[in-house]
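K.L.:
My questions will all concern the structure given below.
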Amino acid sequence: MQSSEIESLLRTKFGIEPSRCDRLDGEVDHNTLVVDNHGRHFVFKVHSPDTPTADLDMQDAALQHVAAAGLSTDSPRLIARETIHTDDGERVARLLSWVEGRPVSQEAATPELLRSIGQTVARVDRALAGFVHPATGRTYRWNMLQCGDLGASLDDPPSNGWASATIRSFTDALPALQALPQQTIHNDANDDNIVVAADGTVSLIDYGDIATGPRIIGLGVAAAYAMFGQVDPLSAATDLIAGYHETAPLDPSELALLDTVIRTRLAMSIAIAQRQVREQPDNAGYLTTSQAAITEVVALLDTIPPAFAHATYRDACGYLPIADQRSIDTFFGTAGFDPAPIVDGDLASATVLDWSQGAERSQSIPDDRPSLGKYAELRTVYDTEAFATPFGERRTLHLGIDVFVPDGRSVHSPLDGVIHSSEVRDLPGDYGGVVIIEYRTPDGIPFWMLVGHLAHASVERLARGQRIDRGAEFAVVGSRSENGGWAPHLHVQLFTDLLGRSTDLDGVARASQRDVWTSISPNPAPLIVGVDRLAVRADHTRSTTSIARRRRTNLSPSLSLSYAEPLHIVGGDGAELIDVDGRRWLDLVNNVAHVGHEHPRVVDAITAQAHRLNTNTRYLHPNIVDYAERLRALFPDPLSVVFLTNSGSEAVDLALRLARTATARDGVLTLDWAYHGNLSSLVEISPYKFNRAGGRGPSDRVRICELPDPFRGAHGHDGPRYADDVDRQARSLAGAGVPAAAFVHESISGCGGQIDLADGYLEAAYAHARAAGALCIADEVQCGLGRVGADWWAFERQGVVPDIVTMGKPLGNGHPLGAVITTPHVARAFANGMEYFNTFGGNPVSCAAGLAVLDVIDAERLRANAETTGGRLISRLKELAERHTSIGDVRGRGLFVGIDLVDDHDTLAPATRRAAATVEGLRRRGILVSSDGPDDNVLKIKPPMVITTDQIDRTIDALDETLTIVDEQLA
């Protein structure tokens, strides 16, 4: 169609006045980018006359369905659809919204972008799972489930032979694919249909190929195209698959078919392109645009065994790469596993060599006794061309154990087995004589031992299938002249999967694939009698990237990380954290390290007690009573009975049990935006959790009391007026038949925004609660133990004495230790015949840590430091507020401080974006803070109590500079 026709149709049929029309490539349709006279962008699609109306109805309905799903990514929207008349006959024309961004082919394929693509494909799949339309099951050339006849029409080039064979073998996987859950899938996440916006948001366009099938096919399509142009296509696909799994978890049954799907999609592209070129020779340029890239990918994939790709995809999704490894490892730990020595002689006294990167390469092999080369060691000795790969990374990770013994020494089978294969590989640096023996667990799970560097003659007499009894000699150690030029030794390697190969298996692998290879080839030490499996296992230090990936796969996505660029922290010192590169970061967040990171007195106390004894509290030991006595001395009467726990959450949970047992009631009064811990019982009383994303709101036995916030609250500094709500909510509970057992509060509200409760609040609130028959629980987990300066506990300034006080993180300076202190009356009521026992609450090591923390607070006068440095911090922050109108309020006591950022001083509009930018800006300056509060607009400052005035001044200067820049950016 001519551009003049397009412009006329836009005016007459769609009411669009075009200012620009640019032709877009397309497989069948005539596509145009349209910019109207208002600067709006559209896609105008004129469909082929033979396009079934049902197909277009399906696309339109799918677009509407996906748009209604409210995805976090953009998707095209149908604006109008008309039937038009052209020289070719009647056609359908559709006007769609334009999705802003650039095709992914114009972006650098970083791991982060590939993960985002996977996440987007998963979100679209999840939205389409609920979409049903008859046309999704149509006969369609791009539906993989219907691809069986494509291979027959291919011509002769080598890549076509590969494609034909791949499509033929796909029929073996078809029943398993058909057995998976079927749904509507996008089915065409190629690099022309993936759009990346300026902010990094990834969107999918073009719903013309949607079909019914298992979602693994749609993922396989995206993964296949992600491989294009990549030096390491498997790694690129793995990043995308990991992103998909993070959003929509994949089952092992799906992953078992994924490599087949990816290879089949590439084969389909070859076959269909060839067929389309015959049908549309004038459009050959567009139709073959991907063929060169596919040829390159196919050549690289041909070097990767499908079983290895499968293991890699399982690893990316958090599964054990080789599922059978678990059964094999389990067998090695049983009494029935009794291997014979693999060589004569005592290997227990063998020298363990260090040939790792950075070690002396020329470390000598002793002549007078055996020696061992380590498993999973990164070595620089593999410097020949034989260890290069086409993926831009050399093979340096040693996957076996070297056993250095004289040549001619007999080699024995550790177990009853069968010769799987044997060969003489007589190239420099190779194995020489090599044998693979197959063994089986009692459950019939096979595993294999590869032994290399054997004498040729001893290997040549072995036959495939030959039985080898436990302890029987099957070969001898080869000399240097016949084992690849290496000093006489054995290379012993264990395999849980042979990857479809024989004696050409790798004994050295790429370091970046360590997690996969150490599942394929675990530590073989169990098969070598006398070898300490830990002594011969090389140390392994994960990179920052590797740690981040492993967190995503094997830790819950609910476990968040701080900062846009997370820190890799390896040490601490005082008020500073130290990253992997040695950079020091001033830590203003970590109240857990109460007396400073890694305080030597606390570390020494933990170490010394751990050397002597750590056990439960059913035995007499001085530490627990000494610590209880020291802790009791910090509280006013009648608080005198101590319970010890392993955490603050355990402590608050126990406090609830005490209150409910003592009062024979269940109801709880809690402050708005309170957070009391991560146990289910505490999420129930924490509005910060149950009233936010994922929460279910308050239960019938919980009532929320108004937070006495002097800055934003309705009653300003009038604490008693806020406390009236305690009375109202207590009456509400009583009226519902669940009278209050407890009124629980943080003495300074942390997650509520570092709120120092309005004056007089607790005195009045306690009076209302006790009048209603409830006990009063002060949660001092975050703000207690001298953090507020003049007082040991934050509740003291309000002139009250709680019935129960809870403590946690700071007591042990990060060591697991929490505590509850209560009155004798409450403790006696709790002793109702049901024993309270906490296996390791109050163990000797934890109590030693707690005693050391108290010693440090006293010896270093840290309460006084909190008072003086905290006072300086608050004073300087208030000075800063006079220059920065975004600082709405500075509040807190001692070293528990909040900075409430606002966008408007009159309305007090919370400055959420400003707070996030400030947190990141301070991080760039080496200072760590976080934000909190209902709107995440309050900067929290609660550093280790050893912080200095110089560090406070540095913080103020950095905050001044950061706020100036952020204010300018947001203005």
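Ordering of the structure tokens sets the chain letters (A, B, ...); residue numbers start at 1 within each chain; ligands are numbered from 1 in the order shown.
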Can you tell me, as a JSON list (two decimals) with N, CA, C and O atoms, in the first residue's frame, what residues are no more than 8 Å from segment 763-778 of chain A when counting only C-alpha atoms, ignoring any on the same chain fewer than 5 positions away?
P.N.:
```
[["chain", "number", "residue", "atom", "x", "y", "z"],
["A", 655, "ALA", "N", 5.88, -12.77, 75.73],
["A", 655, "ALA", "CA", 5.18, -11.74, 76.50],
["A", 655, "ALA", "C", 3.67, -11.85, 76.31],
["A", 655, "ALA", "O", 2.89, -11.69, 77.27],
["A", 659, "ALA", "N", 0.88, -12.60, 79.24],
["A", 659, "ALA", "CA", -0.29, -11.74, 79.48],
["A", 659, "ALA", "C", -1.58, -12.53, 79.34],
["A", 659, "ALA", "O", -2.51, -12.38, 80.15],
["A", 663, "THR", "N", -4.07, -13.23, 82.57],
["A", 663, "THR", "CA", -5.39, -12.58, 82.58],
["A", 663, "THR", "C", -6.52, -13.51, 82.14],
["A", 663, "THR", "O", -7.70, -13.14, 82.28],
["A", 719, "GLY", "N", -0.58, 13.96, 74.83],
["A", 719, "GLY", "CA", -0.56, 12.52, 74.99],
["A", 719, "GLY", "C", -1.84, 11.94, 75.57],
["A", 719, "GLY", "O", -2.36, 10.95, 75.06],
["A", 720, "PRO", "N", -2.40, 12.51, 76.65],
["A", 720, "PRO", "CA", -3.62, 11.94, 77.23],
["A", 720, "PRO", "C", -4.79, 11.89, 76.24],
["A", 720, "PRO", "O", -5.60, 10.96, 76.32],
["A", 723, "ALA", "N", -4.41, 8.89, 74.30],
["A", 723, "ALA", "CA", -4.62, 7.72, 75.15],
["A", 723, "ALA", "C", -6.09, 7.38, 75.32],
["A", 723, "ALA", "O", -6.44, 6.23, 75.62],
["A", 724, "ASP", "N", -6.97, 8.36, 75.12],
["A", 724, "ASP", "CA", -8.40, 8.07, 75.22],
["A", 724, "ASP", "C", -8.83, 6.97, 74.25],
["A", 724, "ASP", "O", -9.79, 6.24, 74.50],
["A", 726, "VAL", "N", -7.22, 4.28, 73.66],
["A", 726, "VAL", "CA", -6.98, 3.00, 74.30],
["A", 726, "VAL", "C", -8.24, 2.56, 75.04],
["A", 726, "VAL", "O", -8.65, 1.39, 74.98],
["A", 727, "ASP", "N", -8.86, 3.50, 75.73],
["A", 727, "ASP", "CA", -10.10, 3.20, 76.43],
["A", 727, "ASP", "C", -11.19, 2.77, 75.44],
["A", 727, "ASP", "O", -11.90, 1.78, 75.66],
["A", 730, "ALA", "N", -10.41, -0.71, 74.03],
["A", 730, "ALA", "CA", -10.60, -1.74, 75.05],
["A", 730, "ALA", "C", -12.08, -2.06, 75.21],
["A", 730, "ALA", "O", -12.47, -3.23, 75.35],
["A", 731, "ARG", "N", -12.91, -1.01, 75.19],
["A", 731, "ARG", "CA", -14.36, -1.24, 75.27],
["A", 731, "ARG", "C", -14.87, -2.01, 74.04],
["A", 731, "ARG", "O", -15.76, -2.86, 74.14],
["A", 739, "PRO", "N", -12.18, -9.62, 75.71],
["A", 739, "PRO", "CA", -11.57, -8.53, 76.49],
["A", 739, "PRO", "C", -10.05, -8.54, 76.39],
["A", 739, "PRO", "O", -9.43, -9.57, 76.15],
["A", 740, "ALA", "N", -9.47, -7.36, 76.59],
["A", 740, "ALA", "CA", -8.03, -7.17, 76.36],
["A", 740, "ALA", "C", -7.20, -7.88, 77.42],
["A", 740, "ALA", "O", -7.42, -7.70, 78.63],
["A", 741, "ALA", "N", -6.24, -8.65, 76.96],
["A", 741, "ALA", "CA", -5.23, -9.23, 77.84],
["A", 741, "ALA", "C", -4.04, -8.31, 77.96],
["A", 741, "ALA", "O", -3.36, -8.30, 79.00],
["A", 742, "ALA", "N", -3.75, -7.54, 76.89],
["A", 742, "ALA", "CA", -2.52, -6.74, 76.89],
["A", 742, "ALA", "C", -2.68, -5.49, 76.04],
["A", 742, "ALA", "O", -3.37, -5.50, 75.02],
["A", 743, "PHE", "N", -2.03, -4.45, 76.49],
["A", 743, "PHE", "CA", -1.77, -3.26, 75.69],
["A", 743, "PHE", "C", -0.27, -3.30, 75.40],
["A", 743, "PHE", "O", 0.55, -3.24, 76.32],
["A", 744, "VAL", "N", 0.12, -3.46, 74.11],
["A", 744, "VAL", "CA", 1.52, -3.61, 73.75],
["A", 744, "VAL", "C", 1.95, -2.43, 72.89],
["A", 744, "VAL", "O", 1.21, -1.99, 72.01],
["A", 745, "HIS", "N", 3.13, -1.92, 73.16],
["A", 745, "HIS", "CA", 3.60, -0.73, 72.44],
["A", 745, "HIS", "C", 5.12, -0.75, 72.33],
["A", 745, "HIS", "O", 5.83, -1.30, 73.19],
["A", 746, "GLU", "N", 5.64, -0.18, 71.25],
["A", 746, "GLU", "CA", 7.06, 0.17, 71.19],
["A", 746, "GLU", "C", 7.21, 1.48, 71.97],
["A", 746, "GLU", "O", 6.39, 2.39, 71.82],
["A", 747, "SER", "N", 8.25, 1.58, 72.77],
["A", 747, "SER", "CA", 8.40, 2.79, 73.58],
["A", 747, "SER", "C", 8.77, 4.00, 72.73],
["A", 747, "SER", "O", 8.52, 5.14, 73.11],
["A", 795, "PHE", "N", 10.88, 3.68, 77.89],
["A", 795, "PHE", "CA", 9.61, 3.90, 78.61],
["A", 795, "PHE", "C", 9.81, 4.76, 79.85],
["A", 795, "PHE", "O", 8.86, 5.37, 80.36],
["A", 798, "GLN", "N", 8.63, 8.49, 80.36],
["A", 798, "GLN", "CA", 7.19, 8.76, 80.52],
["A", 798, "GLN", "C", 6.69, 8.43, 81.92],
["A", 798, "GLN", "O", 5.48, 8.54, 82.19],
["A", 799, "GLY", "N", 7.60, 8.02, 82.82],
["A", 799, "GLY", "CA", 7.23, 7.84, 84.21],
["A", 799, "GLY", "C", 6.33, 6.65, 84.48],
["A", 799, "GLY", "O", 5.50, 6.70, 85.41],
["A", 800, "VAL", "N", 6.48, 5.58, 83.70],
["A", 800, "VAL", "CA", 5.64, 4.41, 83.90],
["A", 800, "VAL", "C", 6.53, 3.19, 84.16],
["A", 800, "VAL", "O", 7.72, 3.19, 83.86],
["A", 802, "PRO", "N", 6.11, -0.79, 83.15],
["A", 802, "PRO", "CA", 5.28, -1.81, 82.49],
["A", 802, "PRO", "C", 5.16, -3.06, 83.35],
["A", 802, "PRO", "O", 5.91, -3.27, 84.31],
["A", 803, "ASP", "N", 4.23, -3.91, 82.97],
["A", 803, "ASP", "CA", 4.11, -5.22, 83.61],
["A", 803, "ASP", "C", 5.08, -6.22, 82.98],
["A", 803, "ASP", "O", 5.49, -7.18, 83.64],
["A", 804, "ILE", "N", 5.40, -6.00, 81.73],
["A", 804, "ILE", "CA", 6.29, -6.88, 80.99],
["A", 804, "ILE", "C", 7.12, -6.02, 80.04],
["A", 804, "ILE", "O", 6.59, -5.09, 79.41],
["A", 805, "VAL", "N", 8.41, -6.32, 79.91],
["A", 805, "VAL", "CA", 9.28, -5.63, 78.96],
["A", 805, "VAL", "C", 9.97, -6.69, 78.09],
["A", 805, "VAL", "O", 10.42, -7.72, 78.60],
["A", 806, "THR", "N", 10.04, -6.40, 76.79],
["A", 806, "THR", "CA", 10.72, -7.33, 75.87],
["A", 806, "THR", "C", 11.97, -6.68, 75.30],
["A", 806, "THR", "O", 12.02, -5.48, 75.06]]
```
K.L.:
Got a sec: who's within 10 Å of Ile528 of chain A, counting only C-alpha atoms, leaving out chain neighbours fewer than 6 positions off, as a count of residues only?
P.N.:
11
K.L.:
Return the single residue from A:His599, A:Arg721, A:Arg660, A:Arg701 that is closest to Ala849 of chain A, with distances computed using only C-alpha atoms.
P.N.:
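Looking only at the distances to Ala849 of chain A, the closest residue turns out to be A:His599.
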K.L.:
Where does DSSP see strand (DSSP E or B) in segment 481-651 of chain A, if you list the residues as a ChimeraX atom specification?
P.N.:
/A:490-495,508-510,537,569-574,576-579,584-587,597,641-645
K.L.:
With segment 499-518 of chain A as the partner and 12 Å as the cut-off, tabulate the residues of segment 290-350 of chain A that qualify, each row holding the nearest pair of atoms and their distance in Å to one decimal, using only C-alpha atoms, sorted by chain and rising number, as a tab-separated table.
P.N.:
```
residue	atom	partner	partner_atom	distance
A:Thr303	CA	A:Arg501	CA	11.6
A:Ile304	CA	A:Leu499	CA	9.4
A:Pro305	CA	A:Leu499	CA	6.1
A:Pro306	CA	A:Leu499	CA	7.5
A:Ala307	CA	A:Leu499	CA	5.2
A:Phe308	CA	A:Leu499	CA	6.3
A:Ala309	CA	A:Leu499	CA	9.6
A:His310	CA	A:Leu499	CA	10.0
A:Ala311	CA	A:Val516	CA	6.5
A:Thr312	CA	A:Val516	CA	6.0
A:Tyr313	CA	A:Val516	CA	9.4
A:Arg314	CA	A:Val516	CA	9.0
A:Asp315	CA	A:Val516	CA	6.6
A:Ala316	CA	A:Val516	CA	9.3
A:Cys317	CA	A:Val516	CA	11.9
A:Gly318	CA	A:Asp515	CA	10.7
A:Tyr319	CA	A:Val516	CA	10.4
A:Leu320	CA	A:Val516	CA	8.4
A:Pro321	CA	A:Val516	CA	5.8
A:Ile322	CA	A:Val516	CA	8.1
A:Ala323	CA	A:Val516	CA	11.4
A:Gln325	CA	A:Thr518	CA	9.9
```
K.L.:
Figure out the distance between atom CA of Asp232 of chain A and atom CA of Leu494 of chain A, please, to one decimal in Å.
P.N.:
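Straight-line distance from atom CA of Leu494 of chain A to atom CA of Asp232 of chain A works out to 26.3 Å.
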K.L.:
Find the residue from A:His65, A:Arg914, A:Lys13, A:Lys942 that sits nearest to Gly892 of chain A; use only C-alpha atoms when measuring.
P.N.:
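Looking only at the distances to Gly892 of chain A, the closest residue turns out to be A:Lys942.
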K.L.:
Nearest to Asp573 of chain A among A:Glu598, A:Glu112, A:Glu860, A:Asp587, with distances taken over only C-alpha atoms: which residue is it?
P.N.:
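Result for the nearest residue to Asp573 of chain A: A:Glu598.
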K.L.:
Would you mind listing what lies within 10 Å of segment 246-253 of chain A as an MDAnalysis selection string, with only C-alpha atoms counted and same-chain residues fewer than 5 positions away left out?
P.N.:
chainID A and resid 115:116 118:123 125:126 176:177 180 215:216 241 258 310 313:314 316:319 323 552:553 556:557
K.L.:
Could you give me, as a VMD selection string, each residue of segment 819-959 of chain A that DSSP assigns to helix (DSSP H, G or I) when run on this structure's backbone?
P.N.:
chain A and resid 824 to 830 844 to 859 862 to 881 912 to 924 949 to 959
K.L.:
Between A:Asp906, A:Gly485, A:Leu895, A:Lys374, single out the one closest to Asn590 of chain A, counting only C-alpha atoms.
P.N.:
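Using only C-alpha atoms, Asn590 of chain A sits closest to A:Leu895.
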